[in-house]
Amino acid sequence: MFIDSEINNVNGLIKKMSSLVQSNIRQAIGLYLSKGDNEDTTINDEIVNQYEKLIDEVCIDILIKERPYSKDLREIFAVIKMVDDLERIGDHAEDIKNFSLKLRGTLEERNPEIDIMLDKALKMIDDAIESFVTMDKALAVKTIKADDEIDAMYDKIIESLTNYPIKSHTAQNFVIYTTLIVKYIERIADHATNIAEWTVYIVAGIFKDEIQD
Amino acid sequence: MNNVFSVKNVDLFYGEKHVLKNVSFDIPEKQVTAFIGPSGCGKSTLLRCFNRMNDLIPSCNIKGEIHFHDRSVQEINPIELRTRVGMVFQNPNPFPMSIFDNVAYGPRCQGMKNKKEINDLVVDSLKKASLYEEVKDRLKDNALGLSGGQQQRLCIARCIAMKPEVILMDEPTSALDPIATLKIEELINVLKEEYTIVIVTHNMQQASRISDYTAFFMLGEVIEFSSTISLFKNPKNKKTEDYITGRFG
Ligand SMILES: Nc1ncnc2c1ncn2[C@@H]1O[C@H](COP(=O)(O)OP(=O)(O)O)[C@@H](O)[C@H]1O
Ligand SMILES: [Mg+2]
């Protein structure tokens, strides 16, 4: 089947783009955890953007050539949507990198909840991508549910940041940039959720508001 | 939504050969219903049941019920039935007479004599079949001089002149080029305002483009019947999935 090999090809591209995004986001978070120390990252968002364009083009070619139906059609449609989420995670890796650099020289202690939230968000990205690669609906549904925990942690962390005593210029920087970074982490988890929802769409043909259990 | 035909537990045999197997579903009114499936799976056979064309085949034996509205087709006079349920075939088959006479033939056979009445009916039917503009200056010319696509639209006009309720079409564009095919497809889209259309097609793009409902046939069974969009987007049966994604058949 032509279409099988064409879809395999697209999946291969998604895997490459995903591992790039996973690497970028890990490096950005590493930079954040070191308060912008270790500036020596290889984060390259431009390549991620090029992957997005390439995958969109390949998908459009498949639509023209194969006029796919059923699961094939859902897969191509979902991939086109999903690369958008991957690309946004890539953007946020870049954002986190930039704001982490602003944390340089701040002496304030990070709320340990943030470390837990970071781990969970990274796990969500990995699981979402894994669920797509293996077409694992159960893992996708589990990932979608994990987003509620992220949202709850986000609310708690923001609450504690609003109560943070601002007595110095570095404390001010610390609160502002930490807030932004935490916001980006929350957004990243949303995009991971979307990716998992697209997996469910491909496998079961249902959109996010129809997903049960 | 009203149903025009209701098919219940139909089994059909040609001699020993079991060609339709326990087929049940309804044909909705003023919608386009497409029959798809591998060749030889019984699509044309079921289509012919709707206007009792299978009566002409001596070895044919039908069990089960086919209702046209509230009456069994077996209770309806076949001539009346075929007037109300017209048919268009794969190969355009105009009579070797003028374009005008082709369309006037059926109504004349039914006793229509008034010249003006016949003329109006022919013009109206040709217009409805989107053919009038192309042939209005040569209505007296022989129909066999028309192109294949025009001949097929003439056959549709001939069918329309009988004022049918249903038009059955058996692969009506298989013998036509892409432009002529597109014209017939556009025509079908207009005709469904007024008529119920059942079309057999081996072209899945055609089924997905022009039909509202689709029945997928395999080896004499109707595997799946549903709205066309849902059948092509998310079929319920694995066999349908395999067929429409080209992984089988
Ligand atoms: N007049 C007939 N006598 C015997 N067998 C027939 C006759 N017409 C069709 N068949 C057989 O019935 C089966 C279904 O045919 P048909 O309805 O024409 O299939 P389709 O339209 O799906 O291609 C085929 O196996 C065909 O050979
Ligand atoms: Mg046939």
# chains A, B, ... in the order shown; residues from 1 in each chain; ligands from 1
>>> interface_residues(of="chain A", to="chain B", cutoff="9 Å", atoms="only C-alpha atoms", output="list in words")
Met1, Ile3, Arg67, Pro68, Tyr69, Ser70, Lys71, Asp72, Leu73, Arg74, Ala204 and Gly205 of chain A
>>> write_last_selection(atoms="C-alpha atoms", output="PDB file, in the first residue's frame")
ATOM      1  CA  MET A   1       0.000   0.000   0.000  1.00  0.00           C
ATOM      2  CA  ILE A   3      -0.617   5.116   1.744  1.00  0.00           C
ATOM      3  CA  ARG A  67      -7.700  11.142  -0.966  1.00  0.00           C
ATOM      4  CA  PRO A  68      -7.688   9.123   2.224  1.00  0.00           C
ATOM      5  CA  TYR A  69     -10.765   7.979   4.098  1.00  0.00           C
ATOM      6  CA  SER A  70     -11.568   6.765   7.565  1.00  0.00           C
ATOM      7  CA  LYS A  71      -8.564   6.207   9.872  1.00  0.00           C
ATOM      8  CA  ASP A  72      -6.111   7.361   7.193  1.00  0.00           C
ATOM      9  CA  LEU A  73      -7.992  10.621   6.831  1.00  0.00           C
ATOM     10  CA  ARG A  74      -8.240  11.095  10.591  1.00  0.00           C
ATOM     11  CA  ALA A 204     -11.434   6.061  18.089  1.00  0.00           C
ATOM     12  CA  GLY A 205     -12.739   8.783  15.778  1.00  0.00           C
TER      13      GLY A 205
END
>>> select_by_dssp(residues="segment 30-168 of chain A", states="alpha helix (DSSP H)", output="short mmCIF file (atom, residue, chain, number, x, y, z; two decimals) with C-alpha atoms, in the first residue's frame")
data_model
loop_
_atom_site.label_atom_id
_atom_site.label_comp_id
_atom_site.auth_asym_id
_atom_site.auth_seq_id
_atom_site.Cartn_x
_atom_site.Cartn_y
_atom_site.Cartn_z
CA GLY A 30 17.79 22.51 32.81
CA LEU A 31 18.72 26.13 32.24
CA TYR A 32 15.87 27.24 34.45
CA LEU A 33 16.86 24.85 37.25
CA ASP A 45 13.65 26.44 17.41
CA GLU A 46 14.20 27.19 13.73
CA ILE A 47 14.62 23.51 12.89
CA VAL A 48 11.41 22.72 14.78
CA ASN A 49 9.59 25.33 12.70
CA GLN A 50 10.96 23.83 9.51
CA TYR A 51 9.73 20.40 10.54
CA GLU A 52 6.26 21.83 11.03
CA LYS A 53 6.25 23.26 7.51
CA LEU A 54 7.64 20.08 6.00
CA ILE A 55 5.10 17.83 7.73
CA ASP A 56 2.19 20.07 6.70
CA GLU A 57 3.36 19.95 3.09
CA VAL A 58 3.82 16.19 3.10
CA CYS A 59 0.34 15.76 4.58
CA ILE A 60 -1.25 17.99 1.93
CA ASP A 61 0.50 15.96 -0.77
CA ILE A 62 -0.97 12.78 0.70
CA LEU A 63 -4.45 14.32 0.75
CA ILE A 64 -4.10 15.15 -2.93
CA LYS A 65 -2.57 11.87 -4.02
CA GLU A 66 -4.45 9.38 -1.88
CA SER A 70 -11.57 6.77 7.56
CA LYS A 71 -8.56 6.21 9.87
CA ASP A 72 -6.11 7.36 7.19
CA LEU A 73 -7.99 10.62 6.83
CA ARG A 74 -8.24 11.10 10.59
CA GLU A 75 -4.54 10.43 10.97
CA ILE A 76 -3.50 12.99 8.37
CA PHE A 77 -5.90 15.57 9.78
CA ALA A 78 -4.73 14.92 13.34
CA VAL A 79 -1.06 15.11 12.35
CA ILE A 80 -1.64 18.52 10.75
CA LYS A 81 -3.20 19.71 14.01
CA MET A 82 -0.66 17.99 16.20
CA VAL A 83 2.43 19.53 14.62
CA ASP A 84 0.98 22.87 15.61
CA ASP A 85 1.01 21.78 19.25
CA LEU A 86 4.54 20.41 18.94
CA GLU A 87 5.69 23.63 17.38
CA ARG A 88 4.14 25.64 20.22
CA ILE A 89 5.91 23.51 22.81
CA GLY A 90 9.09 24.33 20.88
CA ASP A 91 8.29 28.06 21.07
CA HIS A 92 7.79 27.78 24.81
CA ALA A 93 11.14 26.01 25.21
CA GLU A 94 12.66 29.09 23.64
CA ASP A 95 10.62 31.35 25.95
CA ILE A 96 11.68 29.42 29.03
CA LYS A 97 15.28 29.60 27.95
CA ASN A 98 15.10 33.39 27.56
CA PHE A 99 13.40 34.01 30.89
CA SER A 100 15.72 31.59 32.68
CA LEU A 101 18.62 33.77 31.62
CA PRO A 112 9.78 22.82 45.46
CA GLU A 113 6.26 22.39 44.00
CA ILE A 114 7.66 23.81 40.76
CA ASP A 115 10.10 20.91 40.43
CA ILE A 116 7.23 18.47 40.82
CA MET A 117 5.17 20.37 38.23
CA LEU A 118 8.11 20.35 35.80
CA ASP A 119 8.54 16.61 36.14
CA LYS A 120 4.85 16.03 35.57
CA ALA A 121 4.79 18.30 32.53
CA LEU A 122 7.80 16.55 30.99
CA LYS A 123 6.15 13.20 31.64
CA MET A 124 2.98 14.45 29.94
CA ILE A 125 4.92 15.45 26.83
CA ASP A 126 6.71 12.10 26.72
CA ASP A 127 3.48 10.16 27.28
CA ALA A 128 1.53 12.18 24.73
CA ILE A 129 4.16 11.55 22.07
CA GLU A 130 4.45 7.89 23.06
CA SER A 131 0.66 7.51 22.88
CA PHE A 132 0.77 8.81 19.30
CA VAL A 133 3.73 6.70 18.24
CA THR A 134 2.19 3.50 19.61
CA LYS A 137 -5.54 5.20 23.53
CA ALA A 138 -5.31 4.30 27.23
CA LEU A 139 -2.02 6.16 27.63
CA ALA A 140 -3.51 9.12 25.79
CA VAL A 141 -6.51 9.23 28.10
CA LYS A 142 -4.21 8.99 31.13
CA THR A 143 -2.19 11.92 29.78
CA ILE A 144 -5.30 14.01 29.23
CA LYS A 145 -6.32 13.42 32.85
CA ALA A 146 -2.89 14.40 34.17
CA ASP A 147 -3.54 17.93 32.96
CA ASP A 148 -5.93 18.54 35.85
CA GLU A 149 -3.09 17.97 38.32
CA ILE A 150 -0.90 20.42 36.44
CA ASP A 151 -3.67 23.02 36.52
CA ALA A 152 -4.14 22.55 40.27
CA MET A 153 -0.41 22.87 40.92
CA TYR A 154 -0.26 25.92 38.70
CA ASP A 155 -2.96 27.65 40.76
CA LYS A 156 -1.14 26.85 44.00
CA ILE A 157 2.23 28.04 42.76
CA ILE A 158 0.83 31.29 41.38
CA GLU A 159 -0.94 31.85 44.68
CA SER A 160 2.33 31.44 46.58
CA LEU A 161 4.13 33.75 44.12
CA THR A 162 1.56 36.51 44.64
#
>>> residues_near_ligand(ligand="ligand 1", cutoff="9 Å", atoms="only C-alpha atoms and all ligand atoms", output="MDAnalysis selection string")
chainID B and resid 13:15 17:20 35:48 54 56:60 170:171 200:202 217:220
>>> write_last_selection(atoms="N, CA, C and O atoms", output="short mmCIF file (atom, residue, chain, number, x, y, z; two decimals), in the first residue's frame")
data_model
loop_
_atom_site.label_atom_id
_atom_site.label_comp_id
_atom_site.auth_asym_id
_atom_site.auth_seq_id
_atom_site.Cartn_x
_atom_site.Cartn_y
_atom_site.Cartn_z
N PHE B 13 -31.98 -15.29 -5.06
CA PHE B 13 -31.24 -16.39 -5.72
C PHE B 13 -31.39 -16.27 -7.22
O PHE B 13 -32.45 -15.94 -7.72
N TYR B 14 -30.29 -16.54 -7.93
CA TYR B 14 -30.39 -16.82 -9.37
C TYR B 14 -30.17 -18.33 -9.46
O TYR B 14 -29.03 -18.79 -9.32
N GLY B 15 -31.23 -19.07 -9.64
CA GLY B 15 -31.10 -20.53 -9.57
C GLY B 15 -30.61 -20.92 -8.18
O GLY B 15 -31.22 -20.58 -7.18
N LYS B 17 -27.74 -19.97 -7.03
CA LYS B 17 -26.78 -18.97 -6.57
C LYS B 17 -27.42 -17.94 -5.62
O LYS B 17 -28.36 -17.24 -5.98
N HIS B 18 -26.89 -17.87 -4.39
CA HIS B 18 -27.41 -16.97 -3.36
C HIS B 18 -26.73 -15.62 -3.52
O HIS B 18 -25.57 -15.44 -3.15
N VAL B 19 -27.46 -14.64 -4.06
CA VAL B 19 -26.81 -13.39 -4.47
C VAL B 19 -27.04 -12.24 -3.48
O VAL B 19 -26.17 -11.40 -3.28
N LEU B 20 -28.22 -12.20 -2.84
CA LEU B 20 -28.43 -11.22 -1.77
C LEU B 20 -28.77 -11.99 -0.51
O LEU B 20 -29.60 -12.91 -0.52
N PHE B 35 -24.75 2.93 -3.56
CA PHE B 35 -24.36 1.54 -3.27
C PHE B 35 -22.91 1.38 -3.72
O PHE B 35 -22.60 1.63 -4.89
N ILE B 36 -22.07 0.99 -2.79
CA ILE B 36 -20.68 0.73 -3.17
C ILE B 36 -20.31 -0.70 -2.76
O ILE B 36 -20.99 -1.32 -1.94
N GLY B 37 -19.21 -1.18 -3.31
CA GLY B 37 -18.74 -2.52 -2.97
C GLY B 37 -18.08 -3.16 -4.17
O GLY B 37 -18.25 -2.69 -5.30
N PRO B 38 -17.34 -4.23 -3.94
CA PRO B 38 -16.65 -4.91 -5.04
C PRO B 38 -17.63 -5.39 -6.10
O PRO B 38 -18.81 -5.60 -5.79
N SER B 39 -17.18 -5.59 -7.33
CA SER B 39 -18.15 -5.99 -8.35
C SER B 39 -18.59 -7.43 -8.10
O SER B 39 -17.87 -8.23 -7.52
N GLY B 40 -19.82 -7.68 -8.48
CA GLY B 40 -20.39 -9.00 -8.28
C GLY B 40 -20.99 -9.21 -6.89
O GLY B 40 -21.38 -10.32 -6.55
N CYS B 41 -21.09 -8.14 -6.09
CA CYS B 41 -21.56 -8.34 -4.72
C CYS B 41 -23.07 -8.11 -4.59
O CYS B 41 -23.62 -8.20 -3.50
N GLY B 42 -23.74 -7.78 -5.70
CA GLY B 42 -25.20 -7.73 -5.66
C GLY B 42 -25.82 -6.33 -5.71
O GLY B 42 -27.03 -6.18 -5.54
N LYS B 43 -25.02 -5.32 -5.99
CA LYS B 43 -25.54 -3.94 -6.00
C LYS B 43 -26.60 -3.76 -7.09
O LYS B 43 -27.71 -3.26 -6.82
N SER B 44 -26.22 -4.16 -8.32
CA SER B 44 -27.18 -3.99 -9.42
C SER B 44 -28.41 -4.85 -9.20
O SER B 44 -29.53 -4.45 -9.53
N THR B 45 -28.19 -6.02 -8.65
CA THR B 45 -29.30 -6.93 -8.40
C THR B 45 -30.33 -6.29 -7.47
O THR B 45 -31.54 -6.32 -7.75
N LEU B 46 -29.86 -5.68 -6.38
CA LEU B 46 -30.81 -5.04 -5.46
C LEU B 46 -31.49 -3.86 -6.15
O LEU B 46 -32.70 -3.65 -6.01
N LEU B 47 -30.70 -3.09 -6.91
CA LEU B 47 -31.28 -1.95 -7.61
C LEU B 47 -32.44 -2.40 -8.50
O LEU B 47 -33.50 -1.77 -8.54
N ARG B 48 -32.23 -3.53 -9.19
CA ARG B 48 -33.26 -4.03 -10.10
C ARG B 48 -34.50 -4.54 -9.37
O ARG B 48 -35.57 -4.62 -9.95
N ASN B 54 -35.89 -7.57 -12.16
CA ASN B 54 -35.48 -8.97 -12.03
C ASN B 54 -36.58 -9.94 -12.45
O ASN B 54 -36.29 -11.12 -12.68
N LEU B 56 -37.75 -10.13 -15.12
CA LEU B 56 -37.46 -10.54 -16.50
C LEU B 56 -36.46 -11.69 -16.52
O LEU B 56 -36.20 -12.26 -17.57
N ILE B 57 -35.88 -12.00 -15.36
CA ILE B 57 -34.89 -13.09 -15.30
C ILE B 57 -35.57 -14.32 -14.69
O ILE B 57 -35.88 -14.33 -13.50
N PRO B 58 -35.81 -15.36 -15.52
CA PRO B 58 -36.62 -16.49 -15.05
C PRO B 58 -36.03 -17.21 -13.83
O PRO B 58 -36.77 -17.64 -12.95
N SER B 59 -34.69 -17.31 -13.74
CA SER B 59 -34.09 -18.07 -12.64
C SER B 59 -34.12 -17.31 -11.32
O SER B 59 -33.71 -17.83 -10.29
N CYS B 60 -34.60 -16.07 -11.38
CA CYS B 60 -34.51 -15.23 -10.18
C CYS B 60 -35.63 -15.52 -9.19
O CYS B 60 -36.80 -15.57 -9.54
N ASP B 170 -27.45 2.97 -12.44
CA ASP B 170 -26.46 1.90 -12.27
C ASP B 170 -25.15 2.30 -12.95
O ASP B 170 -25.05 2.24 -14.18
N GLU B 171 -24.20 2.73 -12.16
CA GLU B 171 -22.90 3.21 -12.67
C GLU B 171 -23.07 4.16 -13.86
O GLU B 171 -22.50 3.93 -14.93
N VAL B 200 -25.64 3.24 -8.06
CA VAL B 200 -24.55 2.29 -7.88
C VAL B 200 -23.31 2.93 -8.47
O VAL B 200 -23.35 3.46 -9.58
N THR B 201 -22.24 2.93 -7.73
CA THR B 201 -21.00 3.50 -8.27
C THR B 201 -19.81 2.72 -7.75
O THR B 201 -19.80 2.28 -6.60
N HIS B 202 -18.81 2.54 -8.61
CA HIS B 202 -17.58 1.91 -8.12
C HIS B 202 -16.55 2.98 -7.78
O HIS B 202 -15.43 2.69 -7.41
N PHE B 217 -21.75 -2.94 0.20
CA PHE B 217 -22.10 -4.34 -0.08
C PHE B 217 -20.85 -5.19 -0.16
O PHE B 217 -19.84 -4.76 -0.71
N MET B 218 -20.94 -6.41 0.33
CA MET B 218 -19.87 -7.37 0.12
C MET B 218 -20.47 -8.77 0.06
O MET B 218 -21.22 -9.15 0.96
N LEU B 219 -20.15 -9.50 -0.98
CA LEU B 219 -20.62 -10.88 -1.14
C LEU B 219 -22.09 -11.05 -0.81
O LEU B 219 -22.48 -11.98 -0.09
N GLY B 220 -22.90 -10.13 -1.32
CA GLY B 220 -24.35 -10.26 -1.16
C GLY B 220 -24.91 -9.73 0.15
O GLY B 220 -26.12 -9.73 0.35
#
>>> residues_around(residues="segment 145-155 of chain B", least_positions_apart="4", cutoff="10 Å", atoms="only C-alpha atoms", output="PDB file with N, CA and C atoms, in the first residue's frame")
ATOM      1  N   MET B  87     -35.091   4.327 -14.429  1.00  0.00           N
ATOM      2  CA  MET B  87     -33.751   3.749 -14.339  1.00  0.00           C
ATOM      3  C   MET B  87     -32.848   4.272 -15.436  1.00  0.00           C
ATOM      4  N   VAL B  88     -31.579   4.511 -15.051  1.00  0.00           N
ATOM      5  CA  VAL B  88     -30.553   4.942 -16.001  1.00  0.00           C
ATOM      6  C   VAL B  88     -29.404   3.950 -15.890  1.00  0.00           C
ATOM      7  N   PHE B  89     -28.896   3.518 -17.052  1.00  0.00           N
ATOM      8  CA  PHE B  89     -27.894   2.445 -17.050  1.00  0.00           C
ATOM      9  C   PHE B  89     -26.492   2.957 -17.293  1.00  0.00           C
ATOM     10  N   GLN B  90     -25.549   2.029 -17.163  1.00  0.00           N
ATOM     11  CA  GLN B  90     -24.138   2.380 -17.328  1.00  0.00           C
ATOM     12  C   GLN B  90     -23.842   2.934 -18.715  1.00  0.00           C
ATOM     13  N   ASN B  91     -24.297   2.203 -19.742  1.00  0.00           N
ATOM     14  CA  ASN B  91     -24.075   2.688 -21.104  1.00  0.00           C
ATOM     15  C   ASN B  91     -25.309   3.429 -21.570  1.00  0.00           C
ATOM     16  N   PRO B  92     -25.140   4.698 -21.976  1.00  0.00           N
ATOM     17  CA  PRO B  92     -26.288   5.466 -22.436  1.00  0.00           C
ATOM     18  C   PRO B  92     -26.965   4.716 -23.582  1.00  0.00           C
ATOM     19  N   ASN B  93     -28.274   4.586 -23.507  1.00  0.00           N
ATOM     20  CA  ASN B  93     -28.972   3.777 -24.509  1.00  0.00           C
ATOM     21  C   ASN B  93     -30.136   4.521 -25.142  1.00  0.00           C
ATOM     22  N   PRO B  94     -29.832   5.682 -25.796  1.00  0.00           N
ATOM     23  CA  PRO B  94     -30.925   6.389 -26.463  1.00  0.00           C
ATOM     24  C   PRO B  94     -31.494   5.549 -27.604  1.00  0.00           C
ATOM     25  N   PHE B  95     -32.770   5.778 -27.916  1.00  0.00           N
ATOM     26  CA  PHE B  95     -33.363   5.087 -29.057  1.00  0.00           C
ATOM     27  C   PHE B  95     -32.841   5.733 -30.336  1.00  0.00           C
ATOM     28  N   PRO B  96     -32.768   4.961 -31.428  1.00  0.00           N
ATOM     29  CA  PRO B  96     -32.264   5.533 -32.688  1.00  0.00           C
ATOM     30  C   PRO B  96     -33.324   6.405 -33.352  1.00  0.00           C
ATOM     31  N   SER B  98     -35.028  10.835 -33.079  1.00  0.00           N
ATOM     32  CA  SER B  98     -34.589  12.198 -32.786  1.00  0.00           C
ATOM     33  C   SER B  98     -34.512  12.436 -31.278  1.00  0.00           C
ATOM     34  N   ILE B  99     -33.789  13.484 -30.936  1.00  0.00           N
ATOM     35  CA  ILE B  99     -33.660  13.858 -29.514  1.00  0.00           C
ATOM     36  C   ILE B  99     -35.056  14.079 -28.937  1.00  0.00           C
ATOM     37  N   PHE B 100     -35.867  14.832 -29.684  1.00  0.00           N
ATOM     38  CA  PHE B 100     -37.225  15.133 -29.233  1.00  0.00           C
ATOM     39  C   PHE B 100     -38.037  13.863 -29.003  1.00  0.00           C
ATOM     40  N   ASN B 102     -37.060  10.840 -28.498  1.00  0.00           N
ATOM     41  CA  ASN B 102     -36.569  10.035 -27.372  1.00  0.00           C
ATOM     42  C   ASN B 102     -37.299  10.406 -26.087  1.00  0.00           C
ATOM     43  N   VAL B 103     -37.404  11.718 -25.864  1.00  0.00           N
ATOM     44  CA  VAL B 103     -38.015  12.170 -24.614  1.00  0.00           C
ATOM     45  C   VAL B 103     -39.531  12.013 -24.664  1.00  0.00           C
ATOM     46  N   SER B 125     -38.322  18.591 -19.497  1.00  0.00           N
ATOM     47  CA  SER B 125     -37.486  17.451 -19.097  1.00  0.00           C
ATOM     48  C   SER B 125     -36.032  17.669 -19.505  1.00  0.00           C
ATOM     49  N   LEU B 126     -35.830  18.199 -20.718  1.00  0.00           N
ATOM     50  CA  LEU B 126     -34.463  18.463 -21.175  1.00  0.00           C
ATOM     51  C   LEU B 126     -33.810  19.537 -20.304  1.00  0.00           C
ATOM     52  N   LYS B 128     -34.531  20.131 -17.132  1.00  0.00           N
ATOM     53  CA  LYS B 128     -34.215  19.518 -15.834  1.00  0.00           C
ATOM     54  C   LYS B 128     -32.980  18.627 -15.911  1.00  0.00           C
ATOM     55  N   ALA B 129     -32.741  18.067 -17.090  1.00  0.00           N
ATOM     56  CA  ALA B 129     -31.564  17.203 -17.250  1.00  0.00           C
ATOM     57  C   ALA B 129     -30.340  18.008 -17.691  1.00  0.00           C
ATOM     58  N   SER B 130     -30.421  19.335 -17.593  1.00  0.00           N
ATOM     59  CA  SER B 130     -29.325  20.245 -17.987  1.00  0.00           C
ATOM     60  C   SER B 130     -28.818  19.966 -19.394  1.00  0.00           C
ATOM     61  N   LEU B 131     -29.738  19.658 -20.304  1.00  0.00           N
ATOM     62  CA  LEU B 131     -29.310  19.359 -21.670  1.00  0.00           C
ATOM     63  C   LEU B 131     -29.895  20.356 -22.674  1.00  0.00           C
ATOM     64  N   TYR B 132     -30.976  21.021 -22.285  1.00  0.00           N
ATOM     65  CA  TYR B 132     -31.737  21.829 -23.234  1.00  0.00           C
ATOM     66  C   TYR B 132     -30.872  22.844 -23.982  1.00  0.00           C
ATOM     67  N   GLU B 134     -27.885  22.893 -24.768  1.00  0.00           N
ATOM     68  CA  GLU B 134     -26.953  22.311 -25.727  1.00  0.00           C
ATOM     69  C   GLU B 134     -27.651  21.755 -26.967  1.00  0.00           C
ATOM     70  N   VAL B 135     -28.942  21.442 -26.866  1.00  0.00           N
ATOM     71  CA  VAL B 135     -29.592  20.745 -27.999  1.00  0.00           C
ATOM     72  C   VAL B 135     -30.809  21.477 -28.563  1.00  0.00           C
ATOM     73  N   ASP B 141     -32.600  16.338 -34.614  1.00  0.00           N
ATOM     74  CA  ASP B 141     -31.443  15.503 -35.004  1.00  0.00           C
ATOM     75  C   ASP B 141     -31.487  14.160 -34.284  1.00  0.00           C
ATOM     76  N   CYS B 159     -36.165   9.709 -18.661  1.00  0.00           N
ATOM     77  CA  CYS B 159     -36.651   9.194 -17.382  1.00  0.00           C
ATOM     78  C   CYS B 159     -37.534  10.246 -16.676  1.00  0.00           C
ATOM     79  N   ILE B 160     -37.069  11.485 -16.685  1.00  0.00           N
ATOM     80  CA  ILE B 160     -37.788  12.574 -16.006  1.00  0.00           C
ATOM     81  C   ILE B 160     -39.149  12.836 -16.649  1.00  0.00           C
ATOM     82  N   ALA B 161     -39.214  12.649 -17.982  1.00  0.00           N
ATOM     83  CA  ALA B 161     -40.469  12.902 -18.711  1.00  0.00           C
ATOM     84  C   ALA B 161     -41.592  12.006 -18.216  1.00  0.00           C
ATOM     85  N   PRO B 172     -23.817   5.245 -13.663  1.00  0.00           N
ATOM     86  CA  PRO B 172     -24.199   6.081 -14.819  1.00  0.00           C
ATOM     87  C   PRO B 172     -23.030   6.834 -15.444  1.00  0.00           C
ATOM     88  N   THR B 173     -21.901   6.916 -14.765  1.00  0.00           N
ATOM     89  CA  THR B 173     -20.789   7.691 -15.344  1.00  0.00           C
ATOM     90  C   THR B 173     -19.578   6.833 -15.680  1.00  0.00           C
ATOM     91  N   ALA B 175     -18.912   5.052 -18.131  1.00  0.00           N
ATOM     92  CA  ALA B 175     -18.461   5.096 -19.526  1.00  0.00           C
ATOM     93  C   ALA B 175     -18.120   6.522 -19.969  1.00  0.00           C
ATOM     94  N   LEU B 176     -18.116   7.473 -19.007  1.00  0.00           N
ATOM     95  CA  LEU B 176     -17.961   8.878 -19.401  1.00  0.00           C
ATOM     96  C   LEU B 176     -16.610   9.458 -18.991  1.00  0.00           C
ATOM     97  N   ASP B 177     -16.195  10.506 -19.707  1.00  0.00           N
ATOM     98  CA  ASP B 177     -14.940  11.179 -19.354  1.00  0.00           C
ATOM     99  C   ASP B 177     -15.177  12.072 -18.120  1.00  0.00           C
ATOM    100  N   PRO B 178     -14.102  12.600 -17.528  1.00  0.00           N
ATOM    101  CA  PRO B 178     -14.248  13.347 -16.265  1.00  0.00           C
ATOM    102  C   PRO B 178     -15.170  14.567 -16.351  1.00  0.00           C
ATOM    103  N   ILE B 179     -15.151  15.287 -17.456  1.00  0.00           N
ATOM    104  CA  ILE B 179     -15.995  16.483 -17.571  1.00  0.00           C
ATOM    105  C   ILE B 179     -17.467  16.073 -17.643  1.00  0.00           C
ATOM    106  N   ALA B 180     -17.746  15.074 -18.488  1.00  0.00           N
ATOM    107  CA  ALA B 180     -19.125  14.588 -18.614  1.00  0.00           C
ATOM    108  C   ALA B 180     -19.597  14.000 -17.285  1.00  0.00           C
ATOM    109  N   THR B 181     -18.673  13.359 -16.575  1.00  0.00           N
ATOM    110  CA  THR B 181     -18.989  12.797 -15.264  1.00  0.00           C
ATOM    111  C   THR B 181     -19.385  13.902 -14.290  1.00  0.00           C
ATOM    112  N   LEU B 182     -18.579  14.957 -14.296  1.00  0.00           N
ATOM    113  CA  LEU B 182     -18.859  16.080 -13.400  1.00  0.00           C
ATOM    114  C   LEU B 182     -20.238  16.670 -13.676  1.00  0.00           C
ATOM    115  N   LYS B 183     -20.596  16.783 -14.962  1.00  0.00           N
ATOM    116  CA  LYS B 183     -21.918  17.335 -15.315  1.00  0.00           C
ATOM    117  C   LYS B 183     -23.036  16.463 -14.756  1.00  0.00           C
ATOM    118  N   ILE B 184     -22.881  15.162 -14.873  1.00  0.00           N
ATOM    119  CA  ILE B 184     -23.903  14.254 -14.333  1.00  0.00           C
ATOM    120  C   ILE B 184     -23.951  14.392 -12.810  1.00  0.00           C
ATOM    121  N   LEU B 187     -25.738  17.435 -11.924  1.00  0.00           N
ATOM    122  CA  LEU B 187     -27.148  17.227 -12.216  1.00  0.00           C
ATOM    123  C   LEU B 187     -27.824  16.436 -11.083  1.00  0.00           C
TER     124      LEU B 187
END
>>> select_by_dssp(residues="segment 15-156 of chain B", states="strand (DSSP E or B)", output="ChimeraX atom specification")
/B:17-28,32-36,60-68,71-72,85-88,98,142
>>> atom_distance(atom1="atom CA of Gln31 of chain B", atom2="atom CA of Asn77 of chain B")
24.9 Å
>>> closest_residue(among="B:Ala143, B:Ile66, B:Met169, B:Val32", to="ligand 2", atoms="only C-alpha atoms and all ligand atoms")
B:Met169
>>> residues_around(residues="segment 175-178 of chain A", least_positions_apart="3", cutoff="9 Å", atoms="only C-alpha atoms", output="list of chain:residue names")
A:Phe99, A:Ser100, A:Lys102, A:Leu103, A:Arg110, A:Leu161, A:Thr162, A:Tyr164, A:Ile166, A:Thr170, A:Ala171, A:Gln172, A:Ile181, A:Val182, A:Lys183
>>> residues_around(residues="Ser23 of chain A", least_positions_apart="3", cutoff="10 Å", atoms="only C-alpha atoms", output="PyMOL selection string")
chain A and resi 17-20+26-29+42-44+90+93
>>> closest_residue(among="B:Lys163, B:Phe248, B:Asp70, B:Ile223", to="Gln110 of chain B", atoms="only C-alpha atoms")
B:Lys163
